[in-house]
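A.B. asks: Sending over start_12.txt (compact mmCIF, C-alpha atoms).
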```txt
# COMPACT_ATOMS: atom_id res chain seq x y z
CA MET H 238 97.14 91.09 90.28
CA SER H 239 100.70 90.81 89.13
CA ILE H 240 101.45 88.00 86.70
CA TYR H 241 104.49 86.75 88.58
CA SER H 242 104.57 85.39 92.09
CA PRO H 243 105.58 88.04 94.67
CA SER H 244 108.99 86.45 95.33
CA ILE H 245 109.88 86.40 91.64
CA GLU H 246 108.55 89.94 91.22
CA LYS H 247 110.76 91.12 94.07
CA LEU H 248 113.81 89.33 92.68
CA ILE H 249 113.27 90.88 89.25
CA GLU H 250 112.91 94.31 90.86
CA SER H 251 116.18 93.78 92.73
CA PHE H 252 118.05 93.08 89.50
CA GLU H 253 116.27 95.91 87.71
CA ARG H 254 117.66 98.35 90.26
CA LEU H 255 121.23 97.54 89.12
CA PRO H 256 122.78 99.92 86.59
CA SER H 257 122.31 99.14 82.88
CA ILE H 258 119.88 96.29 83.60
CA GLY H 259 116.45 96.68 81.97
CA HIS H 260 113.27 94.74 82.70
CA LYS H 261 113.89 91.93 80.20
CA THR H 262 117.46 91.33 81.34
CA ALA H 263 116.35 91.51 84.98
CA THR H 264 113.72 88.84 84.27
CA ARG H 265 116.29 86.64 82.56
CA LEU H 266 118.73 87.08 85.46
CA ALA H 267 116.02 86.35 88.05
CA PHE H 268 115.02 83.09 86.38
CA HIS H 269 118.67 82.22 85.98
CA MET H 270 119.12 82.65 89.75
CA LEU H 271 116.18 80.31 90.37
CA ASN H 272 117.75 77.66 88.15
CA LEU H 273 121.10 77.76 89.96
CA SER H 274 121.97 74.99 92.39
CA GLU H 275 121.93 75.87 96.08
CA GLU H 276 125.73 75.77 96.06
CA GLU H 277 125.96 78.21 93.15
CA THR H 278 123.47 80.55 94.79
CA ASN H 279 125.41 80.51 98.04
CA GLU H 280 128.62 81.21 96.12
CA PHE H 281 126.99 84.22 94.44
CA ILE H 282 125.63 85.60 97.70
CA GLY H 283 128.89 84.75 99.44
CA SER H 284 130.94 86.77 96.95
CA ILE H 285 128.80 89.84 97.68
CA GLU H 286 128.91 89.38 101.45
CA ASN H 287 132.62 88.61 101.33
CA ALA H 288 133.35 91.73 99.28
CA ARG H 289 131.28 93.87 101.65
CA LYS H 290 133.02 92.40 104.68
CA ASN H 291 136.62 92.25 103.50
CA LEU H 292 137.03 95.26 101.28
CA LYS H 293 138.17 98.44 102.90
CA TYR H 294 139.76 101.70 101.87
CA CYS H 295 143.53 101.77 101.94
CA SER H 296 144.36 104.25 104.69
CA ILE H 297 147.21 105.66 102.58
CA CYS H 298 145.82 106.06 99.05
CA TYR H 299 142.06 105.30 99.50
CA ASN H 300 142.11 102.53 96.92
CA ILE H 301 139.62 99.71 97.67
CA SER H 302 141.44 96.59 98.78
CA ASP H 303 141.28 93.40 100.86
CA THR H 304 144.31 94.62 102.74
CA ASP H 305 145.29 97.88 104.41
CA PRO H 306 147.63 99.23 103.09
CA CYS H 307 146.54 98.07 99.63
CA GLU H 308 148.67 95.84 97.39
CA ILE H 309 150.08 98.84 95.54
CA CYS H 310 151.03 100.88 98.62
CA ALA H 311 152.51 97.75 100.24
CA ASN H 312 154.59 96.89 97.17
CA SER H 313 158.18 97.93 97.95
CA LYS H 314 159.15 97.72 94.27
CA ARG H 315 156.99 100.70 93.42
CA ASP H 316 158.44 104.19 93.26
CA SER H 317 157.24 105.98 96.38
CA ASN H 318 158.57 109.33 95.13
CA ILE H 319 155.77 109.81 92.67
CA ILE H 320 152.01 109.91 93.20
CA CYS H 321 149.32 109.78 90.56
CA VAL H 322 146.07 111.43 91.68
CA VAL H 323 142.88 109.92 90.21
CA GLU H 324 139.17 110.49 90.71
CA ASP H 325 138.05 106.93 91.14
CA VAL H 326 139.26 103.45 92.10
CA LYS H 327 138.50 102.24 88.57
CA ASP H 328 140.92 104.85 87.19
CA ILE H 329 143.76 103.02 88.98
CA ILE H 330 142.94 99.94 86.91
CA ALA H 331 142.99 102.02 83.73
CA MET H 332 146.43 103.39 84.66
CA GLU H 333 147.78 99.97 85.68
CA ARG H 334 146.79 98.53 82.32
CA THR H 335 149.28 100.86 80.62
CA HIS H 336 152.17 99.17 82.53
CA GLU H 337 153.87 102.59 82.27
CA PHE H 338 153.37 103.94 85.76
CA LYS H 339 155.37 102.46 88.64
CA GLY H 340 154.59 105.00 91.36
CA LEU H 341 151.82 105.17 93.94
CA TYR H 342 148.26 106.47 93.68
CA HIS H 343 145.87 108.71 95.52
CA VAL H 344 142.14 108.32 94.97
CA LEU H 345 140.14 111.52 95.46
CA HIS H 346 136.75 109.75 95.32
CA GLY H 347 135.23 112.53 93.25
CA THR H 348 135.97 115.98 91.95
CA ILE H 349 135.19 119.42 93.23
CA SER H 350 131.78 120.24 91.77
CA PRO H 351 130.01 123.29 93.25
CA MET H 352 127.01 122.58 90.99
CA ASN H 353 126.49 119.28 92.84
CA GLY H 354 127.44 120.73 96.22
CA ILE H 355 130.77 118.90 96.36
CA GLY H 356 133.49 121.06 97.89
CA PRO H 357 137.21 120.38 98.50
CA GLU H 358 136.41 119.01 101.98
CA ASP H 359 134.14 116.32 100.50
CA ILE H 360 136.91 114.54 98.60
CA LYS H 361 140.27 113.16 99.80
CA ILE H 362 142.29 116.39 99.35
CA LYS H 363 143.17 116.89 103.00
CA GLU H 364 144.46 113.32 103.10
CA LEU H 365 146.59 113.97 100.01
CA LEU H 366 148.15 117.06 101.57
CA ASN H 367 148.89 115.10 104.77
CA ARG H 368 150.67 112.49 102.67
CA LEU H 369 152.74 115.18 100.94
CA SER H 370 153.86 116.80 104.18
CA ASN H 371 154.84 113.49 105.77
CA SER H 372 156.79 111.81 102.97
CA GLU H 373 159.42 112.35 100.34
CA ILE H 374 157.23 112.83 97.31
CA LYS H 375 159.01 114.43 94.34
CA GLU H 376 156.22 114.59 91.80
CA VAL H 377 152.43 114.54 91.75
CA ILE H 378 150.76 113.63 88.45
CA ILE H 379 147.17 114.82 88.34
CA ALA H 380 145.12 112.38 86.26
CA THR H 381 141.59 113.62 86.89
CA ASN H 382 139.26 113.32 83.89
CA PRO H 383 139.57 116.10 81.28
CA ARG H 384 136.12 117.54 82.02
CA VAL H 385 135.23 120.87 83.58
CA GLU H 386 135.20 119.48 87.15
CA GLY H 387 138.36 117.43 86.59
CA GLU H 388 140.23 120.45 85.21
CA ALA H 389 139.04 122.70 88.03
CA THR H 390 140.10 120.12 90.61
CA ALA H 391 143.50 119.80 88.89
CA MET H 392 143.99 123.57 89.01
CA TYR H 393 142.95 123.71 92.65
CA LEU H 394 145.30 120.85 93.64
CA SER H 395 148.16 122.36 91.68
CA LYS H 396 147.89 125.61 93.66
CA LEU H 397 147.82 123.72 96.96
CA ILE H 398 150.72 121.36 96.17
CA LYS H 399 153.23 123.79 94.61
CA PRO H 400 154.03 125.50 97.97
CA PHE H 401 155.39 122.12 99.17
CA GLY H 402 158.12 122.48 96.53
CA ILE H 403 156.83 119.39 94.76
CA LYS H 404 156.63 119.12 90.98
CA VAL H 405 153.02 118.99 89.80
CA SER H 406 152.17 117.63 86.34
CA ARG H 407 148.99 116.95 84.41
CA ILE H 408 148.43 114.07 81.98
CA ALA H 409 148.56 115.28 78.37
CA HIS H 410 145.47 116.09 76.36
CA GLY H 411 145.47 115.16 72.72
CA ILE H 412 144.06 113.00 70.00
CA PRO H 413 143.46 109.42 71.15
CA VAL H 414 145.69 106.85 69.45
CA GLY H 415 143.80 105.48 66.47
CA GLY H 416 141.67 108.61 66.43
CA ASP H 417 140.94 110.81 63.45
CA LEU H 418 141.88 114.48 63.11
CA GLU H 419 138.76 115.09 61.08
CA TYR H 420 136.48 113.98 63.87
CA THR H 421 138.40 115.45 66.78
CA ASP H 422 136.69 118.37 68.49
CA GLU H 423 138.48 121.73 68.23
CA ILE H 424 139.31 121.99 71.94
CA THR H 425 141.08 118.62 71.96
CA LEU H 426 142.88 119.50 68.73
CA ALA H 427 143.96 122.86 70.15
CA LYS H 428 145.28 121.06 73.26
CA ALA H 429 147.11 118.54 71.05
CA LEU H 430 148.71 121.37 69.11
CA GLU H 431 149.65 123.25 72.26
CA GLY H 432 151.23 120.12 73.76
CA ARG H 433 153.28 119.26 70.65
CA HIS H 434 156.76 117.90 71.27
CA GLU H 435 159.88 117.92 69.13
CA MET H 436 160.58 114.77 67.13
CA MET P 130 149.33 89.51 90.16
CA SER P 131 145.78 90.50 89.39
CA ILE P 132 145.05 94.21 89.26
CA TYR P 133 141.98 94.02 91.48
CA SER P 134 141.83 92.84 95.07
CA PRO P 135 140.77 89.18 95.38
CA SER P 136 137.34 90.03 96.86
CA ILE P 137 136.54 92.41 93.99
CA GLU P 138 137.87 89.90 91.47
CA LYS P 139 135.60 87.21 92.90
CA LEU P 140 132.58 89.53 92.93
CA ILE P 141 133.20 90.48 89.28
CA GLU P 142 133.53 86.79 88.37
CA SER P 143 130.23 86.07 90.11
CA PHE P 144 128.42 88.65 88.03
CA GLU P 145 130.24 87.57 84.88
CA ARG P 146 128.80 84.08 85.28
CA LEU P 147 125.26 85.47 84.85
CA PRO P 148 123.79 85.22 81.37
CA SER P 149 124.32 88.16 78.98
CA ILE P 150 126.72 89.89 81.39
CA GLY P 151 130.17 90.59 79.93
CA HIS P 152 133.32 91.59 81.80
CA LYS P 153 132.75 95.35 81.60
CA THR P 154 129.14 95.15 82.82
CA ALA P 155 130.19 92.71 85.54
CA THR P 156 132.83 95.20 86.71
CA ARG P 157 130.27 98.01 86.74
CA LEU P 158 127.80 95.87 88.68
CA ALA P 159 130.45 94.77 91.17
CA PHE P 160 131.47 98.35 91.96
CA HIS P 161 127.81 99.30 92.13
CA MET P 162 127.30 96.60 94.79
CA LEU P 163 130.21 98.00 96.79
CA ASN P 164 128.66 101.45 96.73
CA LEU P 165 125.28 100.27 98.03
CA SER P 166 124.35 100.88 101.65
CA GLU P 167 124.32 97.86 103.94
CA GLU P 168 120.53 97.98 103.94
CA GLU P 169 120.36 97.94 100.14
CA THR P 170 122.83 95.05 99.96
CA ASN P 171 120.81 93.06 102.47
CA GLU P 172 117.67 93.75 100.49
CA PHE P 173 119.32 92.48 97.31
CA ILE P 174 120.64 89.32 98.98
CA GLY P 175 117.34 88.90 100.81
CA SER P 176 115.36 88.92 97.58
CA ILE P 177 117.50 86.07 96.24
CA GLU P 178 117.32 84.05 99.46
CA ASN P 179 113.61 84.73 99.79
CA ALA P 180 112.95 83.60 96.23
CA ARG P 181 114.99 80.45 96.77
CA LYS P 182 113.20 79.69 100.02
CA ASN P 183 109.60 80.53 99.14
CA LEU P 184 109.29 79.57 95.51
CA LYS P 185 108.17 76.07 94.76
CA TYR P 186 106.67 74.17 91.86
CA CYS P 187 102.89 74.03 91.78
CA SER P 188 102.06 70.34 92.32
CA ILE P 189 99.31 70.59 89.72
CA CYS P 190 100.77 72.51 86.78
CA TYR P 191 104.48 72.87 87.69
CA ASN P 192 104.44 76.65 87.46
CA ILE P 193 106.85 78.36 89.89
CA SER P 194 104.96 80.08 92.67
CA ASP P 195 105.02 81.24 96.28
CA THR P 196 101.99 79.06 96.91
CA ASP P 197 101.04 75.48 96.10
CA PRO P 198 98.75 75.24 94.19
CA CYS P 199 99.85 78.31 92.27
CA GLU P 200 97.73 81.47 91.90
CA ILE P 201 96.40 80.30 88.53
CA CYS P 202 95.44 76.77 89.59
CA ALA P 203 93.87 78.15 92.78
CA ASN P 204 91.81 80.73 90.90
CA SER P 205 88.23 79.40 90.73
CA LYS P 206 87.35 81.91 88.01
CA ARG P 207 89.57 80.14 85.52
CA ASP P 208 88.20 77.56 83.14
CA SER P 209 89.35 74.19 84.44
CA ASN P 210 88.14 72.41 81.31
CA ILE P 211 91.01 73.64 79.20
CA ILE P 212 94.77 73.25 79.70
CA CYS P 213 97.51 75.06 77.83
CA VAL P 214 100.77 73.08 77.71
CA VAL P 215 103.94 75.20 77.63
CA GLU P 216 107.66 74.46 77.73
CA ASP P 217 108.68 76.92 80.37
CA VAL P 218 107.38 79.00 83.29
CA LYS P 219 108.20 82.18 81.37
CA ASP P 220 105.86 81.06 78.60
CA ILE P 221 102.93 81.28 81.05
CA ILE P 222 103.71 84.97 81.46
CA ALA P 223 103.78 85.43 77.70
CA MET P 224 100.38 83.73 77.41
CA GLU P 225 98.90 85.70 80.31
CA ARG P 226 99.90 88.96 78.66
CA THR P 227 97.49 88.24 75.80
CA HIS P 228 94.52 88.27 78.24
CA GLU P 229 92.96 85.77 75.79
CA PHE P 230 93.39 82.54 77.67
CA LYS P 231 91.31 81.86 80.78
CA GLY P 232 92.10 78.18 81.30
CA LEU P 233 94.84 76.43 83.25
CA TYR P 234 98.43 75.60 82.32
CA HIS P 235 100.81 72.72 82.37
CA VAL P 236 104.55 73.41 82.29
CA LEU P 237 106.61 70.65 80.66
CA HIS P 238 109.97 72.12 81.77
CA GLY P 239 111.56 71.33 78.46
CA THR P 240 110.89 69.52 75.22
CA ILE P 241 111.72 66.05 74.01
CA SER P 242 115.16 66.39 72.44
CA PRO P 243 116.99 63.16 71.62
CA MET P 244 120.00 65.22 70.44
CA ASN P 245 120.41 66.50 73.98
CA GLY P 246 119.46 63.21 75.58
CA ILE P 247 116.10 64.50 76.83
CA GLY P 248 113.41 61.85 76.54
CA PRO P 249 109.66 61.93 77.36
CA GLU P 250 110.38 60.76 80.91
CA ASP P 251 112.62 63.78 81.57
CA ILE P 252 109.84 66.34 81.20
CA LYS P 253 106.45 66.61 82.93
CA ILE P 254 104.49 64.43 80.48
CA LYS P 255 103.57 61.67 82.93
CA GLU P 256 102.20 64.36 85.26
CA LEU P 257 100.13 65.83 82.44
CA LEU P 258 98.60 62.44 81.62
CA ASN P 259 97.78 61.91 85.30
CA ARG P 260 95.97 65.23 85.32
CA LEU P 261 93.99 64.27 82.23
CA SER P 262 92.84 60.94 83.64
CA ASN P 263 91.79 62.46 86.96
CA SER P 264 89.85 65.51 85.85
CA GLU P 265 87.28 66.73 83.36
CA ILE P 266 89.53 68.34 80.80
CA LYS P 267 87.82 68.98 77.46
CA GLU P 268 90.69 70.51 75.50
CA VAL P 269 94.47 70.60 75.62
CA ILE P 270 96.16 73.43 73.73
CA ILE P 271 99.78 72.62 72.97
CA ALA P 272 101.81 75.83 73.00
CA THR P 273 105.36 74.52 72.76
CA ASN P 274 107.74 76.70 70.75
CA PRO P 275 107.51 76.28 66.95
CA ARG P 276 110.94 74.70 66.65
CA VAL P 277 111.83 71.16 65.71
CA GLU P 278 111.78 69.90 69.31
CA GLY P 279 108.62 71.82 70.15
CA GLU P 280 106.81 70.42 67.10
CA ALA P 281 108.00 66.89 67.82
CA THR P 282 106.87 67.18 71.44
CA ALA P 283 103.49 68.49 70.27
CA MET P 284 103.06 65.53 67.90
CA TYR P 285 104.08 63.11 70.62
CA LEU P 286 101.66 64.63 73.15
CA SER P 287 98.86 64.69 70.62
CA LYS P 288 99.17 60.94 70.07
CA LEU P 289 99.17 60.29 73.81
CA ILE P 290 96.24 62.57 74.62
CA LYS P 291 93.78 61.68 71.84
CA PRO P 292 92.96 58.21 73.29
CA PHE P 293 91.53 60.06 76.34
CA GLY P 294 88.85 61.44 74.03
CA ILE P 295 90.12 64.96 74.69
CA LYS P 296 90.36 67.58 71.96
CA VAL P 297 94.00 68.45 71.25
CA SER P 298 94.85 71.70 69.53
CA ARG P 299 98.04 73.47 68.55
CA ILE P 300 98.54 77.24 68.59
CA ALA P 301 98.64 78.61 65.04
CA HIS P 302 101.79 79.46 63.19
CA GLY P 303 101.25 83.15 63.61
CA ILE P 304 104.51 83.04 65.49
CA PRO P 305 107.50 83.21 63.17
CA VAL P 306 109.12 79.77 62.90
CA GLY P 307 112.32 79.73 64.88
CA GLY P 308 110.92 82.38 67.22
CA ASP P 309 110.55 82.30 70.94
CA LEU P 310 107.23 82.48 72.82
CA GLU P 311 108.81 84.57 75.53
CA TYR P 312 109.68 87.39 73.13
CA THR P 313 106.57 87.32 70.95
CA ASP P 314 104.36 90.39 71.10
CA GLU P 315 100.92 89.85 72.60
CA ILE P 316 98.93 90.49 69.40
CA THR P 317 100.79 87.84 67.40
CA LEU P 318 100.45 85.44 70.29
CA ALA P 319 96.72 86.21 70.63
CA LYS P 320 96.28 85.55 66.90
CA ALA P 321 98.13 82.29 67.26
CA LEU P 322 95.84 81.29 70.09
CA GLU P 323 92.71 82.28 68.16
CA GLY P 324 93.77 80.34 65.05
CA ARG P 325 94.61 77.13 66.87
CA HIS P 326 93.64 73.97 64.96
CA GLU P 327 92.68 70.50 66.03
CA MET P 328 95.43 67.93 65.76
```
Show this structure as structure tokens.
C.D. replies:
Amino acid sequence: MSIYSPSIEKLIESFERLPSIGHKTATRLAFHMLNLSEEETNEFIGSIENARKNLKYCSICYNISDTDPCEICANSKRDSNIICVVEDVKDIIAMERTHEFKGLYHVLHGTISPMNGIGPEDIKIKELLNRLSNSEIKEVIIATNPRVEGEATAMYLSKLIKPFGIKVSRIAHGIPVGGDLEYTDEITLAKALEGRHEM
Amino acid sequence: MSIYSPSIEKLIESFERLPSIGHKTATRLAFHMLNLSEEETNEFIGSIENARKNLKYCSICYNISDTDPCEICANSKRDSNIICVVEDVKDIIAMERTHEFKGLYHVLHGTISPMNGIGPEDIKIKELLNRLSNSEIKEVIIATNPRVEGEATAMYLSKLIKPFGIKVSRIAHGIPVGGDLEYTDEITLAKALEGRHEM
């Protein structure tokens, strides 16, 4: 016999299935839910249902948004001549926080990864190429993560995009600001050296 | 303008309101929810709604349970001559983990705390006294947390219960003072139970 009542047990299990939530936290969250007022519970459930119902992929850049096209694609103040290609929706947020990029985005929703059976047709590459052939893009910045799959995807995209006569660039690799030369791995340091610029 | 779409923003806020969930974890959880299948989402929401709908307080001991009376009160194998008084439903679980206690429980749902404006009438003391006058209880073990409020509540209860001619005991200070029943390991808690003394 389980110690908890079945309904509590099931609620704890539900929370435990979420990422980075262990059994103790799940238990705390479950009891917290039980202590909420009916209004607060409905608000919590409502925010999930609302997000599921309203959020959609932007049909231009595949960002997740309440609107289609998304706020960024629909913003006429943004530079539509330049596209930054990222792996994931969350990478857009990371880029936006820099306040340095004023162009548009394209979310691949993954990287090419033969080891995991993910080929070019499984991510939004075709859609990117369609965008390039139909608009006046001057530059594509590839901002996939600097891992094996991200680099391979960047190389692959670069080969596909260059024939359009569009400039293709890759975000720089180097030592993170505030980082320490002593603790930087040799590949990053070699990339930093290679990408040195005149002062 | 917020970086995220309003529906995502609201979902993140919902998760952020949960205890021990910071902004980064809330963001991760929100995006996790968006990636779930419709079936998984419904299961998650269902477990919350189900818990809210089915769980009730046991009318005898004020444990939270799917049934009334709760599984423990309804279990005829348990010793109905002895009651363990705890502050919180979660403390029952902690006690049950010791496998040392075979009696019944009474959940106070708090402690007397004048600093927070919680008086004896705000917790389930009246209900405990009713139980004592209507049944053949031989001993009451007071297992409130060994903090100022818990000790004060124990003293208060002891004075109220003794006139019934019932033995009143207090779990031993095997638990570190300032600790929390919920997070005490079962051996310490078992020792505390074993070394209880009459009040």
A.B. asks: Set out as a Markdown table a contact list for chain H and chain P with a cut-off of 9 Å, giving each residue of chain H that qualifies its closest atom pair and distance in Å to one decimal, counting all atoms listed in the file, ordered by chain and rising residue number.
C.D. replies:
```
| residue | atom | partner | partner_atom | distance |
| --- | --- | --- | --- | --- |
| H:Ile240 | CA | P:Ile222 | CA | 6.5 |
| H:Tyr241 | CA | P:Ile222 | CA | 7.4 |
| H:Ser242 | CA | P:Ser194 | CA | 5.4 |
| H:Pro243 | CA | P:Asp195 | CA | 7.0 |
| H:Ser244 | CA | P:Ala180 | CA | 5.0 |
| H:Ile245 | CA | P:Ala180 | CA | 6.2 |
| H:Lys247 | CA | P:Ser176 | CA | 6.2 |
| H:Leu248 | CA | P:Ser176 | CA | 5.2 |
| H:Ile249 | CA | P:Ser176 | CA | 8.8 |
| H:Glu250 | CA | P:Ser176 | CA | 9.0 |
| H:Ser251 | CA | P:Phe173 | CA | 5.7 |
| H:Phe252 | CA | P:Phe173 | CA | 7.9 |
| H:Leu255 | CA | P:Leu158 | CA | 6.8 |
| H:Pro256 | CA | P:Leu158 | CA | 6.8 |
| H:Ser257 | CA | P:Thr154 | CA | 7.9 |
| H:Thr262 | CA | P:Ser149 | CA | 7.9 |
| H:Arg265 | CA | P:Pro148 | CA | 7.7 |
| H:Leu266 | CA | P:Leu147 | CA | 6.8 |
| H:Ala267 | CA | P:Ile177 | CA | 8.3 |
| H:Phe268 | CA | P:Lys219 | CA | 8.5 |
| H:His269 | CA | P:Leu147 | CA | 7.4 |
| H:Met270 | CA | P:Ile177 | CA | 7.5 |
| H:Leu271 | CA | P:Arg181 | CA | 6.5 |
| H:Glu275 | CA | P:Arg181 | CA | 8.3 |
| H:Thr278 | CA | P:Ile177 | CA | 8.3 |
| H:Asn279 | CA | P:Glu178 | CA | 8.9 |
| H:Glu280 | CA | P:Ser143 | CA | 7.9 |
| H:Phe281 | CA | P:Ser143 | CA | 5.7 |
| H:Ile282 | CA | P:Ile174 | CA | 6.4 |
| H:Gly283 | CA | P:Leu140 | CA | 8.9 |
| H:Ser284 | CA | P:Leu140 | CA | 5.1 |
| H:Ile285 | CA | P:Leu140 | CA | 6.1 |
| H:Glu286 | CA | P:Thr170 | CA | 8.4 |
| H:Asn287 | CA | P:Ser136 | CA | 6.7 |
| H:Ala288 | CA | P:Ser136 | CA | 5.0 |
| H:Arg289 | CA | P:Leu163 | CA | 6.5 |
| H:Asn291 | CA | P:Ser136 | CA | 7.0 |
| H:Leu292 | CA | P:Ser136 | CA | 6.9 |
| H:Ile301 | CA | P:Ser134 | CA | 7.7 |
| H:Ser302 | CA | P:Ser134 | CA | 5.3 |
| H:Asp303 | CA | P:Ser134 | CA | 5.8 |
| H:Thr304 | CA | P:Ser134 | CA | 8.3 |
| H:Cys307 | CA | P:Ser134 | CA | 8.4 |
| H:Glu308 | CA | P:Ser134 | CA | 7.8 |
| H:Lys327 | CA | P:Phe160 | CA | 8.7 |
| H:Ile329 | CA | P:Ile132 | CA | 8.9 |
| H:Ile330 | CA | P:Ile132 | CA | 6.5 |
| H:Glu333 | CA | P:Ile132 | CA | 7.3 |
| H:Arg334 | CA | P:Ile132 | CA | 8.4 |
```
A.B. asks: Calculate the C-alpha RMSD, in Å to one decimal, after superposing chain H onto chain P by least squares over all C-alpha atoms paired in sequence order.
C.D. replies: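 Computed value for the CA RMSD is 5.5 Å.
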A.B. asks: Between atom CA of Ala263 of chain H and atom CA of Tyr191 of chain P, measure the distance and give it in Å to one decimal.
C.D. replies: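 Between atom CA of Ala263 of chain H and atom CA of Tyr191 of chain P the gap works out to 22.3 Å.
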A.B. asks: Please write as a PyMOL selection string the list of polymer residues whose atoms come within 6 Å of (102.0, 73.6, 91.5), counting all atoms listed in the file and keeping to the coordinates of the file.
C.D. replies: chain P and resi 186-192+197-199
A.B. asks: Can those selected residues be exported to a file as a compact mmCIF listing (two decimals), keeping the file's coordinate frame so that it contains C-alpha atoms?
C.D. replies:
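And here is the file that came out, part-v2.txt:
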```
# COMPACT_ATOMS: atom_id res chain seq x y z
CA TYR P 186 106.67 74.17 91.86
CA CYS P 187 102.89 74.03 91.78
CA SER P 188 102.06 70.34 92.32
CA ILE P 189 99.31 70.59 89.72
CA CYS P 190 100.77 72.51 86.78
CA TYR P 191 104.48 72.87 87.69
CA ASN P 192 104.44 76.65 87.46
CA ASP P 197 101.04 75.48 96.10
CA PRO P 198 98.75 75.24 94.19
CA CYS P 199 99.85 78.31 92.27
```
A.B. asks: With only C-alpha atoms as the counted atoms, please give the residues lying no more than 8 Å from Ile266 of chain P, apart from itself and same-chain residues fewer than 4 positions off, as a ChimeraX atom specification.
C.D. replies: /P:209-212,261,295
A.B. asks: Just C-alpha atoms for this one: save the residues we selected as a PDB file, keeping the file's coordinate frame.
C.D. replies:
```pdb
ATOM      1  CA  SER P 209      89.350  74.190  84.440  1.00  0.00           C
ATOM      2  CA  ASN P 210      88.140  72.410  81.310  1.00  0.00           C
ATOM      3  CA  ILE P 211      91.010  73.640  79.200  1.00  0.00           C
ATOM      4  CA  ILE P 212      94.770  73.250  79.700  1.00  0.00           C
ATOM      5  CA  LEU P 261      93.990  64.270  82.230  1.00  0.00           C
ATOM      6  CA  ILE P 295      90.120  64.960  74.690  1.00  0.00           C
TER       7      ILE P 295
END
```
A.B. asks: Show which residues sit within 8 Å of Val405 of chain H, as a list in words. Count all atoms listed in the file, and ignore same-chain residues fewer than 3 positions away.
C.D. replies: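 Close residues of Val405 of chain H: Glu376, Val377, Ile378, Ile379, Ser395, Ile398 and Lys399 of chain H.
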A.B. asks: How far is it from atom CA of Gly387 of chain H to atom CA of Arg315 of chain H, in Å with one decimal?
C.D. replies: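 Going from atom CA of Gly387 of chain H over to atom CA of Arg315 of chain H, I get 26.0 Å.
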A.B. asks: Rounded to one decimal place, report the atom CA of Glu364 of chain H-atom CA of His343 of chain H distance in Å.
C.D. replies: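 Computing it gives 9.0 Å between the two atoms.
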A.B. asks: Please identify all polymer residues within 8 Å of Ala429 of chain H, counting all atoms listed in the file, omitting same-chain residues fewer than 3 positions from it, and present them as a list in words.
C.D. replies: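 Final neighbour list, sorted by chain and number: His410, Gly411, Ile412, Thr425, Leu426, Gly432 and Arg433 of chain H.
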A.B. asks: When distances are computed from all atoms listed in the file, which of P:Asp217, P:Gly246, P:Glu323, P:Phe293 shows the smallest separation from Arg260 of chain P?
C.D. replies: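 Among P:Asp217, P:Gly246, P:Glu323, P:Phe293, it is P:Phe293 that comes nearest to Arg260 of chain P.
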A.B. asks: Complete segment 188-196 of chain P with N, CA, C and O atoms (output as a short mmCIF file (atom, residue, chain, number, x, y, z; two decimals), keeping the file's coordinate frame).
C.D. replies:
```cif
data_model
loop_
_atom_site.label_atom_id
_atom_site.label_comp_id
_atom_site.auth_asym_id
_atom_site.auth_seq_id
_atom_site.Cartn_x
_atom_site.Cartn_y
_atom_site.Cartn_z
N SER P 188 102.15 71.80 92.47
CA SER P 188 102.06 70.34 92.32
C SER P 188 101.04 69.93 91.26
O SER P 188 100.96 68.78 90.89
N ILE P 189 100.28 70.90 90.77
CA ILE P 189 99.31 70.59 89.72
C ILE P 189 99.91 70.87 88.33
O ILE P 189 100.00 69.99 87.49
N CYS P 190 100.37 72.13 88.14
CA CYS P 190 100.77 72.51 86.78
C CYS P 190 102.28 72.74 86.61
O CYS P 190 102.75 73.01 85.53
N TYR P 191 103.03 72.68 87.71
CA TYR P 191 104.48 72.87 87.69
C TYR P 191 104.94 74.27 87.30
O TYR P 191 106.06 74.48 86.85
N ASN P 192 104.06 75.24 87.51
CA ASN P 192 104.44 76.65 87.46
C ASN P 192 105.29 76.91 88.70
O ASN P 192 105.22 76.18 89.68
N ILE P 193 106.12 77.97 88.68
CA ILE P 193 106.85 78.36 89.89
C ILE P 193 106.01 79.38 90.63
O ILE P 193 105.52 80.34 90.03
N SER P 194 105.85 79.20 91.92
CA SER P 194 104.96 80.08 92.67
C SER P 194 105.32 80.11 94.15
O SER P 194 105.99 79.22 94.66
N ASP P 195 104.85 81.16 94.83
CA ASP P 195 105.02 81.24 96.28
C ASP P 195 104.07 80.28 96.99
O ASP P 195 104.26 79.96 98.15
N THR P 196 103.00 79.92 96.29
CA THR P 196 101.99 79.06 96.91
C THR P 196 101.85 77.76 96.13
O THR P 196 102.20 77.69 94.96
#
```
